[in-house]
>>> print(open('run.txt').read())   # compact mmCIF, N, CA and C atoms and all ligand atoms
# COMPACT_ATOMS: atom_id res chain seq x y z
N MET R 213 0.84 -1.20 0.00
CA MET R 213 0.00 0.00 0.00
C MET R 213 0.88 1.25 0.00
N LEU R 214 1.98 1.18 0.75
CA LEU R 214 2.91 2.30 0.75
C LEU R 214 3.41 2.55 -0.67
N TYR R 215 3.75 1.45 -1.35
CA TYR R 215 4.27 1.60 -2.72
C TYR R 215 3.22 2.25 -3.63
N THR R 216 1.97 1.81 -3.44
CA THR R 216 0.88 2.39 -4.26
C THR R 216 0.81 3.89 -4.06
N THR R 217 0.92 4.29 -2.79
CA THR R 217 0.86 5.73 -2.48
C THR R 217 2.02 6.45 -3.13
N ILE R 218 3.20 5.84 -3.03
CA ILE R 218 4.39 6.49 -3.60
C ILE R 218 4.24 6.59 -5.11
N ILE R 219 3.79 5.51 -5.73
CA ILE R 219 3.64 5.53 -7.19
C ILE R 219 2.59 6.56 -7.60
N ALA R 220 1.50 6.64 -6.86
CA ALA R 220 0.45 7.59 -7.18
C ALA R 220 0.98 9.02 -7.05
N ALA R 221 1.74 9.26 -6.00
CA ALA R 221 2.29 10.61 -5.79
C ALA R 221 3.25 10.95 -6.93
N PHE R 222 4.06 9.96 -7.31
CA PHE R 222 5.03 10.16 -8.38
C PHE R 222 4.30 10.43 -9.69
N ALA R 223 3.28 9.64 -9.97
CA ALA R 223 2.55 9.78 -11.23
C ALA R 223 1.86 11.14 -11.32
N SER R 224 1.29 11.60 -10.22
CA SER R 224 0.57 12.88 -10.29
C SER R 224 1.57 14.01 -10.51
N PHE R 225 2.82 13.79 -10.10
CA PHE R 225 3.84 14.82 -10.31
C PHE R 225 4.36 14.77 -11.75
N VAL R 226 4.53 13.57 -12.27
CA VAL R 226 5.19 13.40 -13.57
C VAL R 226 4.22 13.60 -14.73
N LEU R 227 2.98 13.16 -14.60
CA LEU R 227 2.07 13.17 -15.74
C LEU R 227 1.85 14.55 -16.36
N PRO R 228 1.68 15.61 -15.55
CA PRO R 228 1.49 16.92 -16.20
C PRO R 228 2.69 17.31 -17.07
N VAL R 229 3.89 16.89 -16.65
CA VAL R 229 5.09 17.20 -17.44
C VAL R 229 5.05 16.43 -18.75
N LEU R 230 4.69 15.15 -18.67
CA LEU R 230 4.63 14.32 -19.88
C LEU R 230 3.55 14.80 -20.83
N ALA R 231 2.53 15.45 -20.28
CA ALA R 231 1.41 15.88 -21.12
C ALA R 231 1.73 17.14 -21.93
N VAL R 232 2.86 17.79 -21.62
CA VAL R 232 3.22 18.99 -22.37
C VAL R 232 3.70 18.59 -23.76
N PRO R 233 3.11 19.17 -24.81
CA PRO R 233 3.56 18.81 -26.16
C PRO R 233 5.00 19.24 -26.40
N GLN R 234 5.66 18.54 -27.28
CA GLN R 234 7.02 18.89 -27.68
C GLN R 234 7.00 20.24 -28.39
N ALA R 235 8.02 21.05 -28.15
CA ALA R 235 8.14 22.29 -28.90
C ALA R 235 8.46 21.93 -30.35
N PRO R 236 7.77 22.54 -31.29
CA PRO R 236 8.00 22.19 -32.69
C PRO R 236 9.33 22.73 -33.19
N GLY R 237 9.98 21.99 -34.05
CA GLY R 237 11.22 22.45 -34.65
C GLY R 237 10.96 23.22 -35.93
N HIS R 238 9.71 23.46 -36.22
CA HIS R 238 9.32 24.14 -37.46
C HIS R 238 8.03 24.91 -37.15
N PRO R 239 7.65 25.87 -37.99
CA PRO R 239 6.43 26.63 -37.68
C PRO R 239 5.18 25.75 -37.68
N VAL R 240 4.33 25.95 -36.68
CA VAL R 240 3.05 25.25 -36.60
C VAL R 240 1.96 26.27 -36.28
N THR R 241 0.72 25.88 -36.55
CA THR R 241 -0.41 26.76 -36.27
C THR R 241 -1.03 26.37 -34.94
N ILE R 242 -1.18 27.35 -34.04
CA ILE R 242 -1.85 27.10 -32.76
C ILE R 242 -2.83 28.24 -32.48
N THR R 243 -3.73 27.96 -31.54
CA THR R 243 -4.69 28.98 -31.13
C THR R 243 -4.02 29.92 -30.14
N ALA R 244 -4.14 31.22 -30.41
CA ALA R 244 -3.55 32.22 -29.51
C ALA R 244 -4.63 33.16 -29.02
N THR R 245 -4.71 33.28 -27.69
CA THR R 245 -5.65 34.20 -27.08
C THR R 245 -4.87 35.16 -26.18
N TRP R 246 -5.54 35.90 -25.31
CA TRP R 246 -4.84 36.89 -24.50
C TRP R 246 -5.30 36.80 -23.06
N SER R 247 -4.46 37.31 -22.16
CA SER R 247 -4.84 37.43 -20.76
C SER R 247 -4.35 38.78 -20.24
N ALA R 248 -5.24 39.54 -19.63
CA ALA R 248 -4.88 40.83 -19.06
C ALA R 248 -3.91 40.67 -17.89
N ALA R 249 -3.84 39.47 -17.31
CA ALA R 249 -2.91 39.25 -16.19
C ALA R 249 -1.48 39.56 -16.61
N TYR R 250 -1.16 39.28 -17.89
CA TYR R 250 0.21 39.50 -18.37
C TYR R 250 0.45 40.95 -18.77
N ASP R 251 -0.53 41.81 -18.62
CA ASP R 251 -0.36 43.23 -18.93
C ASP R 251 0.11 44.03 -17.72
N ASN R 252 0.28 43.36 -16.60
CA ASN R 252 0.74 44.02 -15.38
C ASN R 252 2.24 43.77 -15.20
N PRO R 253 3.07 44.81 -15.41
CA PRO R 253 4.52 44.60 -15.31
C PRO R 253 4.97 44.20 -13.91
N ALA R 254 4.14 44.50 -12.90
CA ALA R 254 4.50 44.16 -11.52
C ALA R 254 4.15 42.72 -11.16
N LEU R 255 3.60 41.95 -12.14
CA LEU R 255 3.23 40.57 -11.85
C LEU R 255 4.47 39.77 -11.43
N SER R 256 4.40 39.19 -10.25
CA SER R 256 5.52 38.38 -9.75
C SER R 256 5.63 37.10 -10.56
N VAL R 257 6.86 36.67 -10.83
CA VAL R 257 7.03 35.41 -11.57
C VAL R 257 6.74 34.22 -10.66
N ASN R 258 6.63 34.44 -9.35
CA ASN R 258 6.49 33.31 -8.42
C ASN R 258 5.28 32.44 -8.71
N GLY R 259 4.20 33.03 -9.23
CA GLY R 259 3.00 32.25 -9.50
C GLY R 259 2.98 31.65 -10.90
N LEU R 260 4.04 31.81 -11.66
CA LEU R 260 4.05 31.35 -13.05
C LEU R 260 4.79 30.02 -13.18
N ALA R 261 4.40 29.24 -14.17
CA ALA R 261 5.03 27.93 -14.38
C ALA R 261 6.52 28.06 -14.67
N CYS R 262 6.95 29.18 -15.23
CA CYS R 262 8.36 29.35 -15.60
C CYS R 262 9.16 30.11 -14.55
N SER R 263 8.66 30.14 -13.30
CA SER R 263 9.32 30.93 -12.25
C SER R 263 10.81 30.60 -12.13
N ASP R 264 11.16 29.32 -12.05
CA ASP R 264 12.57 28.95 -11.84
C ASP R 264 13.48 29.48 -12.93
N ALA R 265 13.08 29.25 -14.18
CA ALA R 265 13.91 29.66 -15.32
C ALA R 265 14.03 31.18 -15.37
N LEU R 266 12.95 31.88 -15.02
CA LEU R 266 12.99 33.35 -15.05
C LEU R 266 13.87 33.88 -13.93
N ILE R 267 13.73 33.32 -12.73
CA ILE R 267 14.52 33.79 -11.59
C ILE R 267 16.02 33.55 -11.85
N ARG R 268 16.33 32.42 -12.51
CA ARG R 268 17.74 32.17 -12.86
C ARG R 268 18.30 33.25 -13.77
N LYS R 269 17.43 33.93 -14.52
CA LYS R 269 17.88 35.02 -15.39
C LYS R 269 17.74 36.38 -14.70
N GLY R 270 17.42 36.38 -13.40
CA GLY R 270 17.33 37.62 -12.65
C GLY R 270 16.00 38.35 -12.84
N ILE R 271 15.00 37.63 -13.34
CA ILE R 271 13.68 38.22 -13.58
C ILE R 271 12.77 37.90 -12.40
N HIS R 272 12.28 38.94 -11.71
CA HIS R 272 11.42 38.71 -10.55
C HIS R 272 9.99 39.16 -10.77
N THR R 273 9.82 40.20 -11.60
CA THR R 273 8.48 40.56 -12.06
C THR R 273 8.57 40.56 -13.58
N ILE R 274 7.44 40.33 -14.25
CA ILE R 274 7.54 40.17 -15.71
C ILE R 274 7.99 41.47 -16.39
N GLY R 275 7.78 42.62 -15.73
CA GLY R 275 8.25 43.89 -16.27
C GLY R 275 9.78 43.99 -16.30
N ASP R 276 10.48 43.08 -15.59
CA ASP R 276 11.95 43.06 -15.63
C ASP R 276 12.46 42.58 -16.99
N LEU R 277 11.62 41.91 -17.75
CA LEU R 277 12.06 41.39 -19.06
C LEU R 277 12.27 42.55 -20.03
N LYS R 278 13.42 42.55 -20.71
CA LYS R 278 13.69 43.62 -21.69
C LYS R 278 12.65 43.60 -22.80
N ASN R 279 12.09 42.43 -23.05
CA ASN R 279 11.11 42.27 -24.12
C ASN R 279 9.68 42.64 -23.70
N TYR R 280 9.46 42.92 -22.41
CA TYR R 280 8.12 43.23 -21.91
C TYR R 280 7.53 44.40 -22.70
N PRO R 281 6.28 44.37 -23.11
CA PRO R 281 5.18 43.46 -22.72
C PRO R 281 4.98 42.25 -23.64
N ASN R 282 6.02 41.90 -24.40
CA ASN R 282 5.85 40.79 -25.35
C ASN R 282 6.15 39.47 -24.66
N VAL R 283 5.13 38.93 -24.00
CA VAL R 283 5.26 37.70 -23.20
C VAL R 283 4.05 36.79 -23.48
N THR R 284 4.22 35.51 -23.15
CA THR R 284 3.13 34.57 -23.39
C THR R 284 3.17 33.38 -22.43
N GLY R 285 2.00 32.81 -22.22
CA GLY R 285 1.92 31.45 -21.70
C GLY R 285 1.80 30.56 -22.93
N ILE R 286 2.40 29.38 -22.89
CA ILE R 286 2.38 28.53 -24.09
C ILE R 286 2.33 27.07 -23.68
N GLN R 287 1.71 26.27 -24.51
CA GLN R 287 1.52 24.85 -24.18
C GLN R 287 2.84 24.08 -24.09
N TYR R 288 3.90 24.61 -24.64
CA TYR R 288 5.19 23.90 -24.63
C TYR R 288 5.98 24.13 -23.35
N ALA R 289 5.53 25.08 -22.52
CA ALA R 289 6.28 25.42 -21.30
C ALA R 289 5.51 24.94 -20.08
N SER R 290 6.21 24.28 -19.18
CA SER R 290 5.62 23.88 -17.90
C SER R 290 6.73 23.97 -16.88
N PHE R 291 6.39 23.77 -15.61
CA PHE R 291 7.39 23.92 -14.56
C PHE R 291 8.60 23.03 -14.86
N GLY R 292 9.78 23.62 -14.88
CA GLY R 292 11.00 22.85 -15.11
C GLY R 292 11.29 22.56 -16.57
N SER R 293 10.43 23.00 -17.47
CA SER R 293 10.61 22.71 -18.89
C SER R 293 11.72 23.55 -19.50
N PRO R 294 12.55 22.96 -20.37
CA PRO R 294 13.58 23.75 -21.05
C PRO R 294 12.99 24.80 -21.99
N ASN R 295 11.70 24.73 -22.26
CA ASN R 295 11.07 25.73 -23.12
C ASN R 295 10.70 27.01 -22.36
N CYS R 296 10.84 26.97 -21.04
CA CYS R 296 10.57 28.16 -20.24
C CYS R 296 11.63 29.21 -20.48
N ALA R 297 11.20 30.48 -20.47
CA ALA R 297 12.13 31.61 -20.66
C ALA R 297 12.90 31.48 -21.97
N THR R 298 12.22 30.97 -23.00
CA THR R 298 12.79 30.96 -24.35
C THR R 298 11.87 31.82 -25.22
N CYS R 299 12.30 32.00 -26.47
CA CYS R 299 11.64 32.98 -27.34
C CYS R 299 10.83 32.30 -28.44
N TYR R 300 9.62 32.77 -28.63
CA TYR R 300 8.74 32.24 -29.68
C TYR R 300 8.30 33.38 -30.60
N LYS R 301 8.33 33.10 -31.88
CA LYS R 301 7.86 34.08 -32.86
C LYS R 301 6.46 33.70 -33.33
N PHE R 302 5.51 34.59 -33.11
CA PHE R 302 4.14 34.40 -33.59
C PHE R 302 3.94 35.25 -34.83
N THR R 303 3.28 34.67 -35.82
CA THR R 303 2.98 35.40 -37.05
C THR R 303 1.51 35.24 -37.38
N TYR R 304 0.89 36.35 -37.80
CA TYR R 304 -0.53 36.34 -38.16
C TYR R 304 -0.76 37.41 -39.21
N GLN R 305 -1.26 37.02 -40.34
CA GLN R 305 -1.60 37.95 -41.42
C GLN R 305 -0.50 38.98 -41.65
N GLY R 306 0.72 38.47 -41.79
CA GLY R 306 1.84 39.33 -42.16
C GLY R 306 2.48 40.10 -41.02
N LYS R 307 1.94 39.98 -39.81
CA LYS R 307 2.54 40.66 -38.66
C LYS R 307 3.18 39.64 -37.74
N SER R 308 4.29 40.04 -37.10
CA SER R 308 4.99 39.13 -36.19
C SER R 308 5.27 39.80 -34.86
N VAL R 309 5.36 38.97 -33.84
CA VAL R 309 5.79 39.45 -32.52
C VAL R 309 6.60 38.33 -31.88
N ASN R 310 7.73 38.71 -31.28
CA ASN R 310 8.57 37.75 -30.56
C ASN R 310 8.24 37.85 -29.08
N VAL R 311 7.88 36.74 -28.48
CA VAL R 311 7.43 36.75 -27.08
C VAL R 311 8.22 35.75 -26.24
N VAL R 312 8.41 36.10 -24.98
CA VAL R 312 9.09 35.21 -24.03
C VAL R 312 8.06 34.29 -23.39
N ALA R 313 8.35 33.00 -23.35
CA ALA R 313 7.49 32.04 -22.67
C ALA R 313 7.68 32.19 -21.17
N ILE R 314 6.63 32.66 -20.49
CA ILE R 314 6.72 32.90 -19.03
C ILE R 314 5.84 31.95 -18.23
N ASP R 315 4.96 31.22 -18.93
CA ASP R 315 3.96 30.45 -18.19
C ASP R 315 3.47 29.30 -19.08
N ASN R 316 2.72 28.41 -18.48
CA ASN R 316 2.06 27.34 -19.24
C ASN R 316 0.72 27.87 -19.77
N ALA R 317 0.27 27.32 -20.88
CA ALA R 317 -1.11 27.49 -21.34
C ALA R 317 -1.58 26.09 -21.66
N GLN R 318 -2.79 25.75 -21.27
CA GLN R 318 -3.22 24.37 -21.45
C GLN R 318 -3.37 24.00 -22.91
N HIS R 319 -3.86 24.95 -23.72
CA HIS R 319 -4.03 24.70 -25.16
C HIS R 319 -3.50 25.91 -25.89
N GLY R 320 -2.58 25.73 -26.80
CA GLY R 320 -2.10 26.85 -27.60
C GLY R 320 -1.31 27.83 -26.76
N ALA R 321 -1.65 29.10 -26.92
CA ALA R 321 -0.89 30.15 -26.24
C ALA R 321 -1.82 31.23 -25.70
N THR R 322 -1.41 31.83 -24.58
CA THR R 322 -2.11 32.96 -24.00
C THR R 322 -1.13 34.12 -23.94
N LEU R 323 -1.27 35.04 -24.88
CA LEU R 323 -0.36 36.18 -24.98
C LEU R 323 -0.81 37.31 -24.06
N SER R 324 0.08 38.26 -23.79
CA SER R 324 -0.35 39.51 -23.19
C SER R 324 -1.29 40.19 -24.18
N THR R 325 -2.17 41.04 -23.68
CA THR R 325 -3.05 41.79 -24.59
C THR R 325 -2.21 42.60 -25.57
N ALA R 326 -1.12 43.19 -25.07
CA ALA R 326 -0.26 44.01 -25.92
C ALA R 326 0.30 43.18 -27.09
N ALA R 327 0.72 41.95 -26.81
CA ALA R 327 1.30 41.12 -27.87
C ALA R 327 0.23 40.69 -28.87
N LEU R 328 -0.97 40.35 -28.39
CA LEU R 328 -2.02 39.97 -29.34
C LEU R 328 -2.48 41.21 -30.13
N ASN R 329 -2.46 42.37 -29.50
CA ASN R 329 -2.77 43.60 -30.23
C ASN R 329 -1.75 43.86 -31.34
N ALA R 330 -0.48 43.54 -31.07
CA ALA R 330 0.56 43.75 -32.09
C ALA R 330 0.28 42.87 -33.32
N LEU R 331 -0.29 41.70 -33.08
CA LEU R 331 -0.58 40.77 -34.19
C LEU R 331 -1.87 41.12 -34.92
N THR R 332 -2.77 41.81 -34.26
CA THR R 332 -4.13 42.01 -34.80
C THR R 332 -4.47 43.47 -35.02
N ASN R 333 -3.45 44.33 -35.15
CA ASN R 333 -3.72 45.76 -35.35
C ASN R 333 -4.58 46.33 -34.22
N GLY R 334 -4.33 45.90 -33.00
CA GLY R 334 -5.06 46.46 -31.87
C GLY R 334 -6.42 45.85 -31.62
N HIS R 335 -6.69 44.68 -32.24
CA HIS R 335 -8.03 44.10 -32.12
C HIS R 335 -8.11 42.88 -31.21
N ALA R 336 -7.19 42.76 -30.26
CA ALA R 336 -7.17 41.58 -29.39
C ALA R 336 -8.53 41.35 -28.73
N HIS R 337 -9.11 42.41 -28.18
CA HIS R 337 -10.38 42.25 -27.47
C HIS R 337 -11.51 41.85 -28.43
N ASP R 338 -11.49 42.38 -29.65
CA ASP R 338 -12.55 42.06 -30.62
C ASP R 338 -12.44 40.61 -31.10
N VAL R 339 -11.22 40.19 -31.43
CA VAL R 339 -11.08 38.86 -32.06
C VAL R 339 -11.11 37.75 -31.01
N GLY R 340 -10.65 38.04 -29.79
CA GLY R 340 -10.64 37.01 -28.75
C GLY R 340 -9.50 36.04 -28.92
N SER R 341 -9.53 35.28 -30.02
CA SER R 341 -8.43 34.37 -30.30
C SER R 341 -8.22 34.28 -31.80
N ILE R 342 -7.02 33.86 -32.17
CA ILE R 342 -6.66 33.72 -33.59
C ILE R 342 -5.92 32.40 -33.78
N GLN R 343 -5.84 31.97 -35.02
CA GLN R 343 -4.97 30.85 -35.37
C GLN R 343 -3.67 31.47 -35.89
N ALA R 344 -2.63 31.37 -35.10
CA ALA R 344 -1.36 32.00 -35.46
C ALA R 344 -0.30 30.94 -35.73
N THR R 345 0.70 31.31 -36.50
CA THR R 345 1.85 30.44 -36.71
C THR R 345 2.87 30.74 -35.62
N VAL R 346 3.46 29.70 -35.08
CA VAL R 346 4.46 29.90 -34.02
C VAL R 346 5.68 29.04 -34.29
N GLU R 347 6.83 29.58 -33.98
CA GLU R 347 8.06 28.80 -34.02
C GLU R 347 9.01 29.32 -32.95
N GLN R 348 9.83 28.42 -32.41
CA GLN R 348 10.83 28.82 -31.44
C GLN R 348 11.98 29.48 -32.20
N VAL R 349 12.44 30.62 -31.71
CA VAL R 349 13.52 31.35 -32.37
C VAL R 349 14.62 31.62 -31.33
N PRO R 350 15.82 32.00 -31.77
CA PRO R 350 16.91 32.23 -30.80
C PRO R 350 16.50 33.25 -29.73
N ASN R 351 16.97 33.03 -28.49
CA ASN R 351 16.60 33.90 -27.38
C ASN R 351 16.98 35.36 -27.62
N SER R 352 18.00 35.57 -28.44
CA SER R 352 18.41 36.96 -28.71
C SER R 352 17.28 37.74 -29.37
N ALA R 353 16.39 37.06 -30.07
CA ALA R 353 15.25 37.74 -30.71
C ALA R 353 14.29 38.30 -29.67
N CYS R 354 14.40 37.82 -28.41
CA CYS R 354 13.59 38.33 -27.31
C CYS R 354 14.44 39.07 -26.29
N LYS R 355 15.66 39.44 -26.68
CA LYS R 355 16.56 40.19 -25.78
C LYS R 355 16.82 39.42 -24.48
N LEU R 356 16.85 38.11 -24.57
CA LEU R 356 17.12 37.26 -23.39
C LEU R 356 18.61 36.96 -23.29
C1 LIG Z 1 6.94 44.06 -28.93
O1 LIG Z 1 6.56 43.61 -30.18
C2 LIG Z 1 6.18 44.65 -31.08
C3 LIG Z 1 5.67 43.99 -32.35
O2 LIG Z 1 6.65 43.19 -32.93
C4 LIG Z 1 7.37 45.56 -31.31
O3 LIG Z 1 7.02 46.63 -32.16
C5 LIG Z 1 7.88 46.11 -29.99
O4 LIG Z 1 9.05 46.86 -30.19
C6 LIG Z 1 8.15 44.96 -29.03
N1 LIG Z 1 8.49 45.50 -27.71
C7 LIG Z 1 9.64 45.21 -27.10
C8 LIG Z 1 9.86 45.86 -25.79
O5 LIG Z 1 10.48 44.45 -27.57
>>> encode(input="run.txt", output="structure tokens")
Amino acid sequence: MLYTTIIAAFASFVLPVLAVPQAPGHPVTITATWSAAYDNPALSVNGLACSDALIRKGIHTIGDLKNYPNVTGIQYASFGSPNCATCYKFTYQGKSVNVVAIDNAQHGATLSTAALNALTNGHAHDVGSIQATVEQVPNSACKL
């Protein structure tokens, strides 16, 4: 019974990590929406899935990022994931924005309102979500 408990505890810890999709090595289309939570530069990284990776880079609030407000939660990033605090390029109808992965998103990506506005000519609130192309790009593209 002890073993069952240990295995159950281990599985509940490991499964969310295994459920994170692999970061694509090529551009793919995902659903991108927005969250006003990421529009607050004073937001502490402590509550975000990428807290460890961000703190290792000296980032304590998301406004500390040189790339701020271009940030996102993304399905490829989870706690301890190497995709945390890396750079993703989103493209939509000829417009692009490079965003830092700061958090997990269960499906697709949740950008800051500012980043989704950059992709939609200021229409983030109107469109709600878009099908955008995303690819991982060198961190220098996000000033990391
Ligand atoms: C955020 O992205 C927009 C759109 O690409 C860009 O114009 C702006 O300079 C970026 N902001 C920062 C701080 O990098």
>>> residues_around(input="run.txt", residues="Val283 (chain R)", least_positions_apart="4", cutoff="7 Å", atoms="all atoms listed in the file", output="VMD selection string")
chain R and resid 250 279 310 to 314 322 to 324 327
>>> axis_aligned_box(input="run.txt", around="ligand LIG 1 (chain Z)", padding_each_side="8 Å", output="JSON")
{"center_x": 8.1, "center_y": 45.0, "center_z": -29.4, "size_x": 20.8, "size_y": 19.7, "size_z": 23.1}
>>> closest_atom_pairs(input="run.txt", of="chain R", to="ligand LIG 1 (chain Z)", cutoff="8 Å", atoms="only C-alpha atoms and all ligand atoms", output="tab-separated table")
residue	atom	partner	partner_atom	distance
R:Lys278	CA	Z:LIG1	C8	6.0
R:Asn279	CA	Z:LIG1	O5	4.1
R:Tyr280	CA	Z:LIG1	C8	5.0
R:Pro281	CA	Z:LIG1	C8	6.1
R:Asn282	CA	Z:LIG1	C1	5.0
R:Lys307	CA	Z:LIG1	O2	7.5
R:Ser308	CA	Z:LIG1	O2	5.5
R:Val309	CA	Z:LIG1	O2	3.9
R:Asn310	CA	Z:LIG1	O1	6.2
R:Val311	CA	Z:LIG1	C1	7.6
R:Ala326	CA	Z:LIG1	C1	7.8
R:Ala327	CA	Z:LIG1	O1	6.3
R:Ala330	CA	Z:LIG1	C3	5.1
R:Leu331	CA	Z:LIG1	C3	7.3
R:Cys354	CA	Z:LIG1	O5	6.9
R:Lys355	CA	Z:LIG1	O5	7.6
>>> residues_around(input="run.txt", residues="Asp315 (chain R)", least_positions_apart="3", cutoff="8 Å", atoms="only N, CA and C atoms", output="PyMOL selection string")
chain R and resi 259-263+283-291+295-297+312+318+322
>>> select_by_dssp(input="run.txt", residues="region 218-353 of chain R", states="strand (DSSP E or B)", output="ChimeraX atom specification")
/R:240-247,256,273,283-286,299-304,307-316,321-324,342-349
>>> closest_residue(input="run.txt", among="R:Ala244, R:Ile271, R:Val232, R:Val346", to="Asn258 (chain R)", atoms="only N, CA and C atoms")
R:Ile271
>>> residues_near_point(input="run.txt", point="(0.9, 24.5, -36.7)", cutoff="10 Å", atoms="only C-alpha atoms", output="PDB file with N, CA and C atoms, in the coordinates of the input")
ATOM      1  N   PRO R 236       7.770  22.540 -31.290  1.00  0.00           N
ATOM      2  CA  PRO R 236       8.000  22.190 -32.690  1.00  0.00           C
ATOM      3  C   PRO R 236       9.330  22.730 -33.190  1.00  0.00           C
ATOM      4  N   HIS R 238       9.710  23.460 -36.220  1.00  0.00           N
ATOM      5  CA  HIS R 238       9.320  24.140 -37.460  1.00  0.00           C
ATOM      6  C   HIS R 238       8.030  24.910 -37.150  1.00  0.00           C
ATOM      7  N   PRO R 239       7.650  25.870 -37.990  1.00  0.00           N
ATOM      8  CA  PRO R 239       6.430  26.630 -37.680  1.00  0.00           C
ATOM      9  C   PRO R 239       5.180  25.750 -37.680  1.00  0.00           C
ATOM     10  N   VAL R 240       4.330  25.950 -36.680  1.00  0.00           N
ATOM     11  CA  VAL R 240       3.050  25.250 -36.600  1.00  0.00           C
ATOM     12  C   VAL R 240       1.960  26.270 -36.280  1.00  0.00           C
ATOM     13  N   THR R 241       0.720  25.880 -36.550  1.00  0.00           N
ATOM     14  CA  THR R 241      -0.410  26.760 -36.270  1.00  0.00           C
ATOM     15  C   THR R 241      -1.030  26.370 -34.940  1.00  0.00           C
ATOM     16  N   ILE R 242      -1.180  27.350 -34.040  1.00  0.00           N
ATOM     17  CA  ILE R 242      -1.850  27.100 -32.760  1.00  0.00           C
ATOM     18  C   ILE R 242      -2.830  28.240 -32.480  1.00  0.00           C
ATOM     19  N   THR R 243      -3.730  27.960 -31.540  1.00  0.00           N
ATOM     20  CA  THR R 243      -4.690  28.980 -31.130  1.00  0.00           C
ATOM     21  C   THR R 243      -4.020  29.920 -30.140  1.00  0.00           C
ATOM     22  N   GLY R 320      -2.580  25.730 -26.800  1.00  0.00           N
ATOM     23  CA  GLY R 320      -2.100  26.850 -27.600  1.00  0.00           C
ATOM     24  C   GLY R 320      -1.310  27.830 -26.760  1.00  0.00           C
ATOM     25  N   GLN R 343      -5.840  31.970 -35.020  1.00  0.00           N
ATOM     26  CA  GLN R 343      -4.970  30.850 -35.370  1.00  0.00           C
ATOM     27  C   GLN R 343      -3.670  31.470 -35.890  1.00  0.00           C
ATOM     28  N   ALA R 344      -2.630  31.370 -35.100  1.00  0.00           N
ATOM     29  CA  ALA R 344      -1.360  32.000 -35.460  1.00  0.00           C
ATOM     30  C   ALA R 344      -0.300  30.940 -35.730  1.00  0.00           C
ATOM     31  N   THR R 345       0.700  31.310 -36.500  1.00  0.00           N
ATOM     32  CA  THR R 345       1.850  30.440 -36.710  1.00  0.00           C
ATOM     33  C   THR R 345       2.870  30.740 -35.620  1.00  0.00           C
ATOM     34  N   VAL R 346       3.460  29.700 -35.080  1.00  0.00           N
ATOM     35  CA  VAL R 346       4.460  29.900 -34.020  1.00  0.00           C
ATOM     36  C   VAL R 346       5.680  29.040 -34.290  1.00  0.00           C
ATOM     37  N   GLU R 347       6.830  29.580 -33.980  1.00  0.00           N
ATOM     38  CA  GLU R 347       8.060  28.800 -34.020  1.00  0.00           C
ATOM     39  C   GLU R 347       9.010  29.320 -32.950  1.00  0.00           C
TER      40      GLU R 347
END
